[in-house]
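File shown: work.txt. Contents: compact mmCIF, C-alpha atoms.
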```
# COMPACT_ATOMS: atom_id res chain seq x y z
CA MET V 1 118.95 139.27 153.28
CA ASP V 2 118.42 138.26 149.70
CA ARG V 3 115.05 138.17 147.96
CA ASP V 4 114.27 134.58 148.89
CA GLN V 5 115.14 135.13 152.53
CA ARG V 6 113.01 138.28 152.73
CA PHE V 7 110.13 136.41 151.12
CA GLU V 8 110.54 133.58 153.58
CA VAL V 9 110.71 135.79 156.66
CA GLU V 10 108.40 138.68 155.86
CA ILE V 11 105.83 137.35 153.38
CA LEU V 12 105.33 133.61 153.65
CA PRO V 13 104.11 133.67 157.29
CA HIS V 14 100.95 135.45 156.04
CA LEU V 15 99.96 132.58 153.77
CA ARG V 16 97.33 131.07 156.08
CA SER V 17 95.83 134.38 157.01
CA LEU V 18 95.54 135.42 153.34
CA PHE V 19 93.97 132.09 152.53
CA GLY V 20 91.33 132.66 155.23
CA ALA V 21 90.44 136.03 153.73
CA ALA V 22 90.49 134.69 150.16
CA TYR V 23 88.23 131.82 151.21
CA ARG V 24 85.63 134.24 152.52
CA MET V 25 85.94 136.41 149.41
CA THR V 26 85.62 133.60 146.88
CA GLY V 27 83.50 131.16 148.86
CA ASN V 28 85.44 128.03 147.99
CA ALA V 29 88.81 126.53 148.81
CA HIS V 30 89.80 125.86 145.20
CA ASP V 31 89.45 129.44 143.97
CA ALA V 32 90.93 130.73 147.22
CA GLU V 33 94.07 128.61 146.77
CA ASP V 34 94.49 129.73 143.16
CA LEU V 35 94.07 133.33 144.20
CA VAL V 36 96.54 133.06 147.07
CA GLN V 37 99.10 131.14 145.01
CA GLU V 38 99.12 133.77 142.25
CA THR V 39 99.23 136.54 144.85
CA PHE V 40 102.33 135.08 146.51
CA LEU V 41 104.08 134.47 143.20
CA ARG V 42 103.55 138.09 142.22
CA ALA V 43 104.69 139.13 145.68
CA HIS V 44 107.89 137.15 145.24
CA ARG V 45 108.57 138.81 141.90
CA ALA V 46 107.87 142.26 143.37
CA ILE V 47 109.58 141.78 146.74
CA ASP V 48 112.04 144.58 145.95
CA ARG V 49 109.12 147.00 145.98
CA PHE V 50 108.00 145.93 149.43
CA GLU V 51 109.14 148.41 152.07
CA ALA V 52 110.65 146.59 155.01
CA GLY V 53 108.75 147.38 158.18
CA SER V 54 105.48 148.28 156.47
CA ASN V 55 102.41 146.09 156.80
CA ALA V 56 103.08 142.98 154.70
CA ARG V 57 99.50 141.78 154.95
CA ALA V 58 98.17 145.08 153.59
CA TRP V 59 100.68 144.90 150.74
CA LEU V 60 99.61 141.31 149.98
CA HIS V 61 95.96 142.35 149.91
CA THR V 62 96.74 145.08 147.39
CA ILE V 63 98.29 142.41 145.15
CA LEU V 64 95.44 139.99 145.82
CA GLN V 65 92.86 142.57 144.73
CA ARG V 66 94.84 143.17 141.53
CA VAL V 67 94.92 139.43 140.84
CA ARG V 68 91.14 139.33 141.29
CA THR V 69 90.62 142.33 139.02
CA ASP V 70 92.83 140.74 136.37
CA ALA V 71 90.89 137.49 136.62
CA PHE V 72 87.59 139.33 136.32
CA ARG V 73 88.90 141.24 133.32
CA ARG V 74 90.03 138.01 131.68
CA ARG V 75 86.55 136.64 132.07
CA ARG V 76 85.22 139.92 130.64
CA ARG V 77 83.20 140.40 133.74
CA ARG V 78 83.75 143.15 136.21
CA PRO V 79 83.23 142.88 139.94
CA GLU V 80 79.84 144.38 140.61
CA THR V 81 80.01 147.96 141.81
CA VAL V 82 77.50 147.40 144.52
CA GLU V 83 75.61 150.15 146.13
CA LEU V 84 72.38 148.17 145.71
CA VAL V 85 71.71 146.39 148.95
CA GLY V 86 70.71 142.76 148.68
CA GLU V 87 72.20 142.04 145.29
CA GLY V 88 75.34 140.20 144.30
CA PRO V 89 76.33 136.57 144.53
CA GLY V 90 76.33 135.16 147.99
CA VAL V 91 79.00 132.58 148.71
CA GLN V 92 78.74 129.28 150.53
CA PRO V 93 79.69 129.54 154.20
CA ALA V 94 82.86 127.76 155.22
CA GLN V 95 81.79 124.20 155.88
CA ASP V 96 84.21 123.51 158.68
CA ALA V 97 83.01 126.62 160.46
CA LEU V 98 79.43 125.42 160.51
CA ALA V 99 80.03 123.39 163.61
CA SER V 100 81.76 126.23 165.43
CA GLY V 101 78.69 127.91 166.89
CA HIS V 102 78.98 130.75 164.40
CA GLU V 103 76.89 129.19 161.65
CA ASP V 104 74.53 132.15 161.53
CA LEU V 105 77.38 134.64 161.29
CA GLU V 106 79.20 132.60 158.62
CA ARG V 107 75.99 132.39 156.60
CA ALA V 108 75.24 136.08 156.95
CA LEU V 109 78.80 137.03 155.97
CA ALA V 110 78.71 134.75 152.93
CA ALA V 111 75.41 136.31 151.85
CA LEU V 112 76.75 139.90 151.91
CA PRO V 113 77.16 141.70 148.60
CA GLU V 114 80.75 141.33 147.49
CA ASN V 115 81.99 144.89 148.04
CA PHE V 116 80.63 145.01 151.59
CA ARG V 117 81.91 141.54 152.37
CA THR V 118 85.41 142.40 151.13
CA ALA V 119 85.51 145.58 153.22
CA VAL V 120 84.32 143.78 156.36
CA VAL V 121 86.75 140.89 155.85
CA LEU V 122 89.69 143.27 155.38
CA ARG V 123 88.73 145.29 158.46
CA ASP V 124 87.38 142.81 160.97
CA LEU V 125 89.17 139.59 160.04
CA GLN V 126 92.41 140.95 158.57
CA GLU V 127 92.50 144.03 160.81
CA LEU V 128 93.72 146.45 158.16
CA SER V 129 93.35 150.21 158.68
CA TYR V 130 90.91 152.20 156.54
CA ALA V 131 93.86 153.73 154.68
CA GLU V 132 95.31 150.29 153.92
CA ILE V 133 91.93 149.01 152.72
CA ALA V 134 91.47 152.12 150.58
CA ALA V 135 94.88 151.53 148.99
CA ALA V 136 94.18 147.83 148.38
CA LEU V 137 90.78 148.45 146.80
CA GLY V 138 91.69 151.67 145.01
CA VAL V 139 88.80 153.62 146.54
CA PRO V 140 88.64 156.70 148.83
CA VAL V 141 88.79 156.22 152.61
CA GLY V 142 85.23 157.60 152.88
CA THR V 143 84.00 154.79 150.63
CA VAL V 144 85.78 152.24 152.84
CA MET V 145 84.03 153.61 155.94
CA SER V 146 80.71 153.57 154.14
CA ARG V 147 81.11 149.97 152.96
CA ILE V 148 82.16 148.73 156.39
CA HIS V 149 79.22 150.53 157.94
CA ARG V 150 76.71 149.07 155.50
CA GLY V 151 78.28 145.63 155.67
CA ARG V 152 78.01 145.56 159.44
CA ALA V 153 74.48 146.94 159.36
CA LEU V 154 73.41 144.16 156.97
CA LEU V 155 75.10 141.54 159.15
CA ARG V 156 73.34 142.81 162.27
CA GLU V 157 70.06 142.80 160.41
CA ALA V 158 70.61 139.24 159.20
CA LEU V 159 71.54 138.14 162.71
CA GLY V 160 68.36 139.66 164.06
CA GLY V 161 70.22 142.12 166.22
CA GLY V 162 67.94 144.93 165.11
CA SER V 163 68.96 148.07 163.28
CA GLN V 164 70.80 151.09 164.63
CA MET W 1 75.77 167.10 165.95
CA SER W 2 72.93 165.08 164.41
CA CYS W 3 73.09 161.29 163.94
CA ASP W 4 75.73 160.15 161.44
CA PRO W 5 75.80 156.33 161.53
CA GLU W 6 78.84 156.06 159.19
CA ARG W 7 80.90 158.25 161.51
CA VAL W 8 79.86 156.05 164.42
CA THR W 9 81.40 153.14 162.51
CA GLY W 10 84.58 155.20 162.06
CA PHE W 11 84.49 156.01 165.78
CA VAL W 12 84.19 152.34 166.75
CA ASP W 13 87.21 151.58 164.54
CA ASP W 14 89.14 154.58 165.91
CA GLU W 15 89.63 155.91 162.41
CA LEU W 16 88.36 159.48 162.90
CA ASP W 17 90.52 162.57 163.21
CA PRO W 18 90.61 164.01 166.78
CA GLN W 19 88.01 166.68 166.10
CA ALA W 20 85.46 164.29 164.58
CA LYS W 21 86.21 161.75 167.27
CA ALA W 22 85.42 164.28 170.03
CA ALA W 23 82.21 165.30 168.26
CA VAL W 24 80.97 161.70 167.97
CA ALA W 25 81.93 160.95 171.57
CA ALA W 26 79.88 163.92 172.73
CA HIS W 27 76.97 162.87 170.54
CA LEU W 28 76.98 159.33 171.92
CA GLU W 29 76.48 160.74 175.41
CA THR W 30 73.10 162.09 174.38
CA CYS W 31 71.92 159.66 171.66
CA PRO W 32 70.84 156.17 172.81
CA ALA W 33 70.35 154.97 169.19
CA CYS W 34 73.90 155.78 168.14
CA ARG W 35 75.22 154.35 171.40
CA ALA W 36 73.36 151.12 170.65
CA GLN W 37 74.88 151.06 167.16
CA ALA W 38 78.36 151.49 168.58
CA ASP W 39 77.84 148.72 171.13
CA ALA W 40 76.35 146.40 168.52
CA GLU W 41 79.25 147.02 166.12
CA ARG W 42 81.79 146.32 168.84
CA ALA W 43 80.03 143.07 169.70
CA LEU W 44 79.81 142.09 166.04
CA ARG W 45 83.47 142.92 165.48
CA ALA W 46 84.41 140.71 168.44
CA ARG W 47 82.38 137.83 166.99
CA LEU W 48 83.92 138.27 163.55
CA ARG W 49 87.44 138.24 165.02
CA SER W 50 86.67 135.01 166.84
CA LEU W 51 85.68 133.18 163.65
CA SER W 52 88.00 130.27 163.04
CA SER W 53 90.13 130.63 159.96
CA PRO W 54 89.74 127.93 157.32
CA GLU W 55 92.96 126.00 156.69
CA PRO W 56 94.60 125.84 153.27
CA SER W 57 95.50 122.41 151.95
CA ALA W 58 98.93 121.12 152.89
CA GLY W 59 100.02 121.51 149.27
CA LEU W 60 99.52 125.28 148.98
CA GLU W 61 102.69 126.34 150.71
CA ALA W 62 104.70 123.70 148.86
CA ARG W 63 103.27 124.87 145.53
CA VAL W 64 104.12 128.49 146.29
CA ARG W 65 107.69 127.53 147.20
CA ALA W 66 108.10 125.28 144.16
CA ALA W 67 106.54 127.62 141.62
CA ARG W 68 108.61 130.59 142.63
CA ARG W 69 111.79 128.58 142.09
CA VAL W 70 111.04 127.90 138.42
CA ARG W 71 110.05 131.47 137.58
CA PRO W 72 112.63 132.92 135.20
CA SER W 73 112.48 136.18 137.07
CA ALA W 74 113.82 134.37 140.11
CA LEU W 75 117.21 134.42 138.35
CA PRO W 76 119.52 137.15 139.55
CA ALA W 77 119.47 140.16 137.25
CA ALA W 78 123.01 139.46 136.01
CA ALA W 79 122.08 135.97 134.85
CA ARG W 80 119.23 137.34 132.76
CA TRP W 81 121.60 139.13 130.40
CA ALA W 82 124.72 137.02 131.01
CA LEU W 83 123.15 133.85 129.60
CA PRO W 84 122.03 135.33 126.26
CA LEU W 85 125.36 137.16 126.01
CA ALA W 86 127.33 133.95 126.55
CA ALA W 87 125.15 132.19 123.98
CA ALA W 88 125.75 134.98 121.46
CA LEU W 89 129.51 134.83 122.05
CA LEU W 90 129.58 131.07 121.57
CA LEU W 91 127.56 131.41 118.39
CA GLY W 92 129.99 134.10 117.18
CA VAL W 93 133.02 131.91 117.86
CA TRP W 94 131.36 128.99 116.13
CA LEU W 95 130.31 131.04 113.08
CA ARG W 96 133.78 132.52 112.70
CA GLY W 97 135.20 129.12 111.81
CA TYR W 98 132.16 127.87 109.87
CA ALA W 99 133.17 127.62 106.18
CA PRO W 100 129.75 128.43 104.63
CA PHE W 101 129.54 131.54 106.80
CA VAL W 102 133.06 132.61 105.77
CA ALA W 103 132.09 132.04 102.10
CA TRP W 104 129.01 134.18 102.58
CA ASP W 105 131.03 136.91 104.29
CA LEU W 106 133.61 137.00 101.47
CA ALA W 107 130.83 137.15 98.84
CA ARG W 108 129.22 140.00 100.78
CA ASP W 109 132.47 141.98 100.74
CA HIS W 110 133.11 141.19 97.06
CA ASP W 111 129.65 142.49 96.10
CA LYS W 112 130.00 145.55 98.29
CA CYS W 113 133.39 146.55 96.88
CA PHE W 114 132.56 146.04 93.21
CA ALA W 115 129.28 147.92 93.64
CA ARG W 116 131.28 151.01 94.64
CA GLN W 117 132.53 153.64 92.19
CA PRO W 118 135.47 153.93 92.32
CA LEU W 119 136.52 150.57 93.68
CA PRO W 120 137.69 151.00 97.32
CA ALA W 121 141.33 150.03 96.64
CA LYS W 122 144.25 151.24 98.76
CA LEU W 123 146.72 150.31 96.07
CA TRP W 124 146.14 150.61 92.33
CA SER W 125 148.45 148.37 90.36
CA GLY W 126 148.41 145.67 87.66
CA GLU W 127 151.89 144.60 88.75
CA PRO W 128 151.96 141.45 91.00
CA ARG W 129 155.31 142.36 92.59
CA ALA W 130 154.04 145.84 93.52
CA VAL W 131 151.00 144.29 95.17
CA GLY W 132 153.17 141.76 97.06
CA ASP W 133 155.55 144.54 98.19
CA TRP W 134 152.70 146.74 99.36
CA PHE W 135 151.25 143.94 101.51
CA GLU W 136 154.70 143.12 102.85
CA GLN W 137 155.13 146.75 103.94
CA GLN W 138 151.92 146.35 105.94
CA GLY W 139 153.30 143.20 107.54
CA THR W 140 151.58 140.48 105.47
CA ARG W 141 153.48 138.07 103.22
CA LEU W 142 151.45 136.86 100.28
CA PRO W 143 152.21 134.47 97.42
CA VAL W 144 152.99 136.20 94.13
CA LEU W 145 149.62 136.29 92.44
CA PRO W 146 149.19 136.22 88.64
CA ALA W 147 148.89 139.51 86.71
CA GLN W 148 146.15 138.02 84.60
CA VAL W 149 143.89 134.96 84.48
CA GLY W 150 142.04 134.66 81.21
CA GLU W 151 140.68 138.10 80.49
CA LEU W 152 140.63 139.16 84.12
CA THR W 153 143.51 141.41 85.04
CA LEU W 154 144.92 142.57 88.36
CA VAL W 155 143.71 146.07 89.23
CA GLY W 156 144.45 146.73 92.92
CA ALA W 157 144.26 145.68 96.53
CA ARG W 158 143.31 146.60 100.04
CA TYR W 159 142.59 145.04 103.47
CA CYS W 160 138.95 144.22 103.99
CA PRO W 161 137.23 143.99 107.39
CA LEU W 162 135.43 140.66 107.89
CA ALA W 163 132.52 139.82 110.17
CA SER W 164 134.98 137.79 112.26
CA LEU W 165 136.53 141.12 113.30
CA THR W 166 139.76 140.37 111.44
CA SER W 167 140.93 142.03 108.26
CA ALA W 168 141.87 140.01 105.20
CA PRO W 169 144.12 140.98 102.28
CA HIS W 170 141.78 141.47 99.33
CA VAL W 171 143.07 141.55 95.71
CA TYR W 172 140.86 142.76 92.86
CA TYR W 173 140.72 141.39 89.30
CA ALA W 174 138.35 142.84 86.70
CA SER W 175 137.45 142.71 83.04
CA ALA W 176 134.46 144.32 81.31
CA GLY W 177 131.75 143.71 83.91
CA ARG W 178 133.33 140.53 85.31
CA HIS W 179 135.05 140.58 88.69
CA VAL W 180 137.05 138.20 90.82
CA SER W 181 138.31 138.78 94.38
CA VAL W 182 141.11 136.84 96.02
CA PHE W 183 141.11 136.97 99.85
CA VAL W 184 143.55 135.57 102.38
CA VAL W 185 141.68 134.69 105.59
CA GLN W 186 144.09 134.61 108.51
CA HIS W 187 142.06 132.80 111.16
CA ARG W 188 141.11 129.15 111.53
CA VAL W 189 138.21 127.92 109.43
CA ARG W 190 136.78 124.40 109.69
CA LEU W 191 137.02 123.15 106.12
CA ASP W 192 136.14 119.59 105.21
CA ASP W 193 135.98 118.16 101.69
CA ARG W 194 133.57 120.76 100.52
CA ARG W 195 135.34 123.83 99.19
CA ALA W 196 132.95 125.20 96.52
CA PHE W 197 130.11 127.39 97.76
CA HIS W 198 127.40 129.60 96.35
CA ALA W 199 126.53 132.69 98.33
CA ARG W 200 124.54 135.79 97.38
CA GLY W 201 124.59 134.68 93.73
CA ASP W 202 128.39 134.45 93.69
CA SER W 203 130.60 131.45 93.27
CA VAL W 204 133.11 130.97 96.10
CA ARG W 205 136.09 128.58 96.44
CA LEU W 206 137.97 128.13 99.66
CA LEU W 207 141.51 126.65 99.46
CA ARG W 208 143.54 125.74 102.49
CA VAL W 209 147.17 126.86 102.46
CA GLU W 210 149.07 125.94 105.62
CA GLY W 211 147.30 127.72 108.47
CA GLU W 212 145.62 130.17 106.17
CA LEU W 213 142.75 130.08 103.77
CA VAL W 214 142.57 131.57 100.30
CA GLY W 215 139.12 132.54 99.13
CA ILE W 216 138.21 133.17 95.50
CA VAL W 217 134.92 134.95 94.76
CA GLY W 218 133.38 135.81 91.39
CA GLU W 219 130.02 136.16 89.74
CA ARG W 220 130.85 133.48 87.16
CA GLU W 221 131.61 129.91 88.13
CA ALA W 222 133.99 129.51 85.15
CA ASP W 223 136.10 132.50 86.20
CA VAL W 224 136.43 131.21 89.76
CA GLN W 225 137.29 127.74 88.44
CA ALA W 226 140.00 129.23 86.20
CA PHE W 227 141.48 131.14 89.16
CA GLU W 228 141.56 128.01 91.27
CA THR W 229 143.42 126.12 88.52
CA SER W 230 145.85 128.98 88.08
CA LEU W 231 146.49 129.53 91.80
CA ARG W 232 146.95 125.92 92.86
CA PRO W 233 150.61 125.58 91.80
CA VAL W 234 151.42 129.06 93.17
CA LEU W 235 149.87 128.22 96.52
CA ALA W 236 151.54 124.79 96.64
CA ALA W 237 154.95 126.42 96.08
CA TRP W 238 154.19 129.08 98.68
CA ALA W 239 153.10 126.51 101.24
CA SER W 240 156.40 124.58 100.92
CA ARG W 241 158.58 127.71 101.16
```
Show how you would write the structure in this file as structure tokens.
Amino acid sequence: MDRDQRFEVEILPHLRSLFGAAYRMTGNAHDAEDLVQETFLRAHRAIDRFEAGSNARAWLHTILQRVRTDAFRRRRRRPETVELVGEGPGVQPAQDALASGHEDLERALAALPENFRTAVVLRDLQELSYAEIAAALGVPVGTVMSRIHRGRALLREALGGGSQ
Amino acid sequence: MSCDPERVTGFVDDELDPQAKAAVAAHLETCPACRAQADAERALRARLRSLSSPEPSAGLEARVRAARRVRPSALPAAARWALPLAAALLLGVWLRGYAPFVAWDLARDHDKCFARQPLPAKLWSGEPRAVGDWFEQQGTRLPVLPAQVGELTLVGARYCPLASLTSAPHVYYASAGRHVSVFVVQHRVRLDDRRAFHARGDSVRLLRVEGELVGIVGEREADVQAFETSLRPVLAAWASR
């Protein structure tokens, strides 16, 4: 298989899934499409470095996080390093999901601080392992577990499910 | 073990090592609060997984496919260096026959040789026949050049390497700080009406003789002009031999 064929077979099928994650990370379709487009272009350029048989979605998320970091750096703003609960920009919930019966969950997810939201999206929506999330975000596995824990705790609190 | 809510999260996700997993499992048996956390996280995870995924616009996939085609890096590796190499070769072939470039190259060699002490001659002679014989021994037939033009006298000769990767017979004339070189260029040069050039502060004349080209280079325009006048009949006779 040449590069284009590999890209077609192994990478491109993840486009929709990556868009879903990017949408929840950025909060709007326009930014999400830009993010995903740049991610896939970089993936195409770097396809030789993708190990066949490994998790393509995890690899794409590693690239996607780098694209985000680069974009933040260009804007001379860094992603907040949140450990302060309740801060950070909330994002608008997905409009088409509002009629799905999960409005409260969408709203609560969108309101999570960015680092927690990213960890929860990668784990619960994208189903990456802790090790894959740690690699994508460039943080220790313990930090991943901590962020997922706090993200879920905040979600449960927002949904009125009580605390642990 | 005491309550460790983060490890309960790891337990729910099945991300703990076997030892920690066993410890949390045992703890959950006895701790209703942690058990409730685990149940709540499982329920939340199930809800999150059931969220519908927003759809990208129809154009996204098309844009990804189109954009990757125009990326230069999408070229095979060989094409990345083959194209510039081919362009350089074409430029080289074109320059080789470009008269102003040949004039510049001859002036460069003239300056280089006369800047050297002693002059880089292979043959030292003021005798035209000796010079002609020496070139003939090397396999090049030249017209019989004059021993002297004005005050400039024949001093020697050699083959000089040109930028076109050929070597040209090069004959030296000198007189008290004035120098003239006569070259015979043995590859095709595109020469139109223009035959007088100035390059690197030198005056250069290019004269076509049959398939070859005779180049005259000197610092003074008048010297080069005098050589052209003197060589014309010689070259005409040589061409009709």
At a cut-off of 7 Å, list the chain V residues touching chain W, using all atoms listed in the file, as an mmCIF file with C-alpha atoms, keeping the file's coordinate frame.
```cif
data_model
loop_
_atom_site.group_PDB
_atom_site.id
_atom_site.type_symbol
_atom_site.label_atom_id
_atom_site.label_comp_id
_atom_site.auth_asym_id
_atom_site.auth_seq_id
_atom_site.Cartn_x
_atom_site.Cartn_y
_atom_site.Cartn_z
ATOM 1 C CA ARG V 16 97.330 131.070 156.080
ATOM 2 C CA PHE V 19 93.970 132.090 152.530
ATOM 3 C CA GLY V 20 91.330 132.660 155.230
ATOM 4 C CA GLU V 33 94.070 128.610 146.770
ATOM 5 C CA GLN V 37 99.100 131.140 145.010
ATOM 6 C CA PHE V 40 102.330 135.080 146.510
ATOM 7 C CA LEU V 41 104.080 134.470 143.200
ATOM 8 C CA ARG V 45 108.570 138.810 141.900
ATOM 9 C CA ALA V 97 83.010 126.620 160.460
ATOM 10 C CA ASP V 124 87.380 142.810 160.970
ATOM 11 C CA LEU V 125 89.170 139.590 160.040
ATOM 12 C CA MET V 145 84.030 153.610 155.940
ATOM 13 C CA SER V 146 80.710 153.570 154.140
ATOM 14 C CA HIS V 149 79.220 150.530 157.940
ATOM 15 C CA ARG V 152 78.010 145.560 159.440
ATOM 16 C CA GLN V 164 70.800 151.090 164.630
#
```
So what do you get for atom CA of W:Met1 versus atom CA of W:His27, distance-wise?
->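 Between atom CA of W:Met1 and atom CA of W:His27 the gap works out to 6.4 Å.
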Hey, can you check how far atom CA of V:Glu157 sits from atom CA of W:Asp17?
->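 It comes out at 28.6 Å.
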Report the distance between atom CA of W:Ala176 and atom CA of W:Arg220 in Å, rounded to one decimal place.
->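 Distance between the two atoms: 12.8 Å.
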If we count all atoms listed in the file, what is near stretch 134-148 of chain W at a cut-off of 12 Å, once residues fewer than 4 positions away on the same chain are taken out, given as a VMD selection string?
-> chain W and resid 122 to 130 152 to 159 167 to 175 180 to 186 209 212 to 214 223 226 to 241
Which residue of W:Arg96, W:Arg80, W:His187, W:Arg200 approaches W:Gly218 most closely, using only C-alpha atoms |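 So, comparing all the options, the nearest one is W:Arg200.
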Leaving out V:Gly138 and any residue of its chain fewer than 6 positions from it, which residues lie within 10 Å of it when counting all atoms listed in the file, given as a PDB file with C-alpha atoms, in the frame of the given file?
```
ATOM      1  CA  THR V  62      96.740 145.080 147.390  1.00  0.00           C
ATOM      2  CA  GLN V  65      92.860 142.570 144.730  1.00  0.00           C
ATOM      3  CA  ARG V  66      94.840 143.170 141.530  1.00  0.00           C
ATOM      4  CA  GLU V 132      95.310 150.290 153.920  1.00  0.00           C
ATOM      5  CA  VAL V 144      85.780 152.240 152.840  1.00  0.00           C
TER       6      VAL V 144
END
```
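Excluding V:Val36 itself and any same-chain residue fewer than 6 positions from it, the protein and nucleic acid residues within 8 Å of it, counting only C-alpha atoms, are Leu15, Leu18, Phe19, Ala22 and Leu64 of chain V.
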Which residue, W:Arg208, W:Asp111, W:Val93, W:Ala66, has the smallest gap to W:Leu165 when you use all atoms listed in the file?
->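 Looking at the shortest contact to W:Leu165, the residue is W:Val93.
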Excluding same-chain residues fewer than 4 positions from W:Ala99, what lies within 9 Å of it counting all atoms listed in the file, as a PyMOL selection string?
-> chain W and resi 95+103-104+189-192+194-195+197+206
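Minimum atom-to-atom distances from W:Ser164, W:Phe114, W:Ala199, W:Ala78 to W:Leu91 were compared using only C-alpha atoms, and the lowest value belongs to W:Ser164.
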Near V:His61, counting only C-alpha atoms, which residues have an atom at most 10 Å away, once you skip same-chain residues fewer than 6 positions from it, shown as a ChimeraX atom specification?
-> /V:18,21-22,36,39,67,122,126,128,132-133,135-137
Give the padded box for stretch 138-143 of chain W as AutoDock Vina command-line options: axis-aligned, covering all atoms listed in the file, 3 Å on each side, centre and edge lengths in Å to one decimal.
```
--center_x 152.5 --center_y 140.4 --center_z 102.5 --size_x 8.0 --size_y 17.9 --size_z 16.1
```
Have a look at W:Cys3, W:Leu162, W:Ala43, W:Ile216 and name the one nearest to W:Leu28; count only C-alpha atoms.
-> W:Cys3
